[in-house]
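J.: The structure follows.
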Amino acid sequence: MTRTVYVNGKYLPENEATVSIFDRGFLFADGIYEVTSVLDGKLIDFDGHARRLARSLGELGMRNPIETEDLLDVHRELVRANDIVEGLIYLQITRGAAADRDFAYPSEDTPPTIVLFTQNKPGLADSPMAKVGIKVISIEDQRWARRDIKTVQLLYPSMGKMMAKAAGCDDAWMVEDGAVTEGTSNNAYIVKGGKIITRHLSNDILHGITRAAVLRFAREAQMDVEERAFTVAEAQEADEAFFTSASAFVMPVVELDGAAIGTGTPGPVATRLREIYLDESRKVAI
């Protein structure tokens with residue numbers, strides 16, 4: 001089945017969708033993106049993703065080509081047109097296509113490029129990996145300094161995932177100045193003595209929408225949360241570990257650099273947080 005996608009105001013079959021070769025997202029990675037999950041045919045955390053989208057655009061001085069209500073309508077139409085029950089919606093906005101390649105930004109009247117497409121993911125909420133946990137390696141964090149902006153500059157995270165794959169693992173946690181920053185596409189956590197520990201917000205990490213929701217639910221459940229950096233050694237000695245993302249929700253981590261974390265199986269905190277997140281998110285999905 002050919003997907004229906006959205007490009008610059010038009011719904012098109014995916015094989016008819018095109019973007020200029022001069023688009024700055026293609027030439028300079030001059031663009032931002034968001035990924036929103038769909039469960040039961042409804043959008044999870046859409047408002048949070050819309051707010052972060054606006055922030056990323058503002059940080060890059062990029063014009064928003066679509067109002068939030070219209071963006072919601074586009075998401076819903078793509079869910080309907082592609083019959084998505086469980087899956088993802090990818091959104092990308094770039095600074096648009098100038099007349100030619102130039103490091104300098106194009107004139108302010110250059111229309112931004114906006115693209116959305118769906119990914120059908122049956123069983124997204126019931127991932128087998130959540131039952132067994134994943135294995136990660138640590139790698140040096142070699143990204144640029146503004147990781148709080150959700151840009152399309154994803155080459156190093158992609159390289160990190162391939163490093164993990166080559167090591168027979170599932171993902172990589174990046175390390176800077178001796179402390180874990182985050183995963184290649186997720187926020188990282190450890191649990192020690194019942195306390196959830198995760199890096200504090202700054203320009204060093206992405207301000208995860210799922211992260212914010214999970215920490216809110218954890219505090220509402222009277223769980224102890226500490227926002228600070230932690231080391232690889234701390235993680236290896238933790239009782240359990242996990243990561244959060246829009247597509248994986250809460251995912252247990254059972255091994256880091258070959259060392260089992262806790263019992264080497266998903267821990268009770270991560271397991272409970274996944275249950276809470278999915279239950280509560282479904283209640284308010286739109």
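Identifiers for the structure tokens are assigned positionally: chains receive A, B, ... in sequence, residues are indexed from 1 per chain, and ligands are indexed from 1 in the order shown.
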Skip Arg52 of chain A itself and residues of its chain fewer than 3 positions away, then list as a list in words all residues within 9 Å of it, counting only C-alpha atoms.

T.: Glu34, Asp47, Gly48, His49, Arg55, Ser56, Leu57, Ile149, Lys150, His207, Gly208 and Ile209 of chain A

J.: Could you pull out the helix (DSSP H, G or I) residues of segment 78-150 of chain A, going by DSSP on the backbone, and write them as a list in words?

T.: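 Going through segment 78-150 of chain A, the helix (DSSP H, G or I) residues come out as Leu78, Val79, Arg80, Ala81, Leu124, Ala125, Asp126, Met129, Ala130, Lys131 and Val132 of chain A.
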
J.: Excluding same-chain residues fewer than 6 positions from Ala188 of chain A, what lies within 7 Å of it counting only C-alpha atoms, as a list in words?

T.: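 Near neighbours after the sequence-gap exclusion: Glu182, Thr198, Phe242, Phe243 and Thr244 of chain A.
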
J.: If we count only C-alpha atoms, what is near Gln236 of chain A at a cut-off of 7 Å, once residues fewer than 2 positions away on the same chain are taken out, given as a PDB file with all heavy atoms, in the first residue's frame?

T.:
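Below is the file that was written, part-v3.pdb:
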ATOM      1  N   VAL A 232      29.344   6.139  33.814  1.00  0.00           N
ATOM      2  CA  VAL A 232      29.165   4.769  33.325  1.00  0.00           C
ATOM      3  C   VAL A 232      29.304   3.787  34.477  1.00  0.00           C
ATOM      4  O   VAL A 232      28.528   2.831  34.596  1.00  0.00           O
ATOM      5  CB  VAL A 232      30.193   4.455  32.216  1.00  0.00           C
ATOM      6  CG1 VAL A 232      30.202   2.960  31.888  1.00  0.00           C
ATOM      7  CG2 VAL A 232      29.890   5.268  30.960  1.00  0.00           C
ATOM      8  N   ALA A 233      30.281   4.038  35.366  1.00  0.00           N
ATOM      9  CA  ALA A 233      30.481   3.139  36.507  1.00  0.00           C
ATOM     10  C   ALA A 233      29.257   3.122  37.412  1.00  0.00           C
ATOM     11  O   ALA A 233      28.839   2.060  37.895  1.00  0.00           O
ATOM     12  CB  ALA A 233      31.714   3.568  37.298  1.00  0.00           C
ATOM     13  N   GLU A 234      28.654   4.282  37.642  1.00  0.00           N
ATOM     14  CA  GLU A 234      27.422   4.345  38.440  1.00  0.00           C
ATOM     15  C   GLU A 234      26.319   3.526  37.791  1.00  0.00           C
ATOM     16  O   GLU A 234      25.564   2.827  38.473  1.00  0.00           O
ATOM     17  CB  GLU A 234      26.961   5.788  38.594  1.00  0.00           C
ATOM     18  CG  GLU A 234      27.623   6.590  39.664  1.00  0.00           C
ATOM     19  CD  GLU A 234      26.953   7.934  39.824  1.00  0.00           C
ATOM     20  OE1 GLU A 234      27.255   8.844  39.036  1.00  0.00           O
ATOM     21  OE2 GLU A 234      26.108   8.086  40.741  1.00  0.00           O
ATOM     22  N   ALA A 238      24.237   0.249  39.198  1.00  0.00           N
ATOM     23  CA  ALA A 238      22.867   0.601  39.562  1.00  0.00           C
ATOM     24  C   ALA A 238      22.002  -0.647  39.741  1.00  0.00           C
ATOM     25  O   ALA A 238      22.363  -1.749  39.309  1.00  0.00           O
ATOM     26  CB  ALA A 238      22.264   1.505  38.495  1.00  0.00           C
ATOM     27  N   LEU A 256      25.408  -2.732  30.168  1.00  0.00           N
ATOM     28  CA  LEU A 256      26.177  -1.589  29.683  1.00  0.00           C
ATOM     29  C   LEU A 256      27.643  -1.989  29.589  1.00  0.00           C
ATOM     30  O   LEU A 256      28.252  -2.391  30.589  1.00  0.00           O
ATOM     31  CB  LEU A 256      26.003  -0.391  30.628  1.00  0.00           C
ATOM     32  CG  LEU A 256      26.873   0.834  30.358  1.00  0.00           C
ATOM     33  CD1 LEU A 256      26.667   1.368  28.941  1.00  0.00           C
ATOM     34  CD2 LEU A 256      26.582   1.944  31.380  1.00  0.00           C
ATOM     35  N   ALA A 259      28.621  -5.325  31.109  1.00  0.00           N
ATOM     36  CA  ALA A 259      28.320  -5.559  32.522  1.00  0.00           C
ATOM     37  C   ALA A 259      26.814  -5.556  32.737  1.00  0.00           C
ATOM     38  O   ALA A 259      26.122  -4.614  32.333  1.00  0.00           O
ATOM     39  CB  ALA A 259      28.960  -4.483  33.397  1.00  0.00           C
ATOM     40  N   ALA A 260      26.309  -6.612  33.371  1.00  0.00           N
ATOM     41  CA  ALA A 260      24.879  -6.678  33.660  1.00  0.00           C
ATOM     42  C   ALA A 260      24.511  -5.593  34.668  1.00  0.00           C
ATOM     43  O   ALA A 260      25.259  -5.312  35.617  1.00  0.00           O
ATOM     44  CB  ALA A 260      24.518  -8.046  34.216  1.00  0.00           C
ATOM     45  N   ILE A 261      23.369  -4.963  34.453  1.00  0.00           N
ATOM     46  CA  ILE A 261      22.859  -3.951  35.381  1.00  0.00           C
ATOM     47  C   ILE A 261      21.818  -4.619  36.275  1.00  0.00           C
ATOM     48  O   ILE A 261      20.855  -5.211  35.776  1.00  0.00           O
ATOM     49  CB  ILE A 261      22.256  -2.763  34.623  1.00  0.00           C
ATOM     50  CG1 ILE A 261      23.336  -2.082  33.775  1.00  0.00           C
ATOM     51  CG2 ILE A 261      21.629  -1.774  35.598  1.00  0.00           C
ATOM     52  CD1 ILE A 261      22.809  -0.964  32.889  1.00  0.00           C
TER      53      ILE A 261
END

J.: Segment 95-286 of chain A: which residues are strand (DSSP E) by DSSP, as a PyMOL selection string?

T.: chain A and resi 113-120+134-140+171-176+179-183+187-192+195-198+224-227+240-245+249-256+259-260

J.: Can you pull out the residues contacting segment 96-110 of chain A? Cut-off 6 Å, using only C-alpha atoms, and skip same-chain residues under 3 positions away; I want them as a PDB file with C-alpha atoms, in the first residue's frame.

T.:
ATOM      1  CA  PHE A  22      18.543  23.109  -3.067  1.00  0.00           C
ATOM      2  CA  ASP A  23      16.590  22.561   0.137  1.00  0.00           C
ATOM      3  CA  ARG A  24      18.758  23.565   3.089  1.00  0.00           C
ATOM      4  CA  THR A 113       9.737  23.271   3.641  1.00  0.00           C
TER       5      THR A 113
END

J.: Pick the closest to Leu72 of chain A from A:Leu273, A:Ile196, A:Ile89, A:Leu155: which is it, counting only C-alpha atoms?

T.: A:Ile89

J.: Tell me which of A:Tyr33, A:Thr18, A:Tyr6, A:Ser158 sits closest to Arg76 of chain A, counting only C-alpha atoms.

T.: A:Tyr6

J.: Set the distance at 12 Å and use only C-alpha atoms: which residues neighbour Gly168 of chain A once local chain neighbours fewer than 4 positions away are removed? I'd like the list as a ChimeraX atom specification.

T.: /A:134-137,161-164,172,255-258

J.: Tell me which of A:Arg228, A:Arg199, A:Arg80, A:Arg272 sits closest to Gly41 of chain A, counting only C-alpha atoms.

T.: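 Nearest to Gly41 of chain A: A:Arg80.
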
J.: Point out the residue among A:Val35, A:Ala81, A:Ile205, A:Leu91 with the least atom-to-atom distance to Ile114 of chain A, counting only C-alpha atoms.

T.: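 Selected residue with least distance to Ile114 of chain A: A:Leu91.
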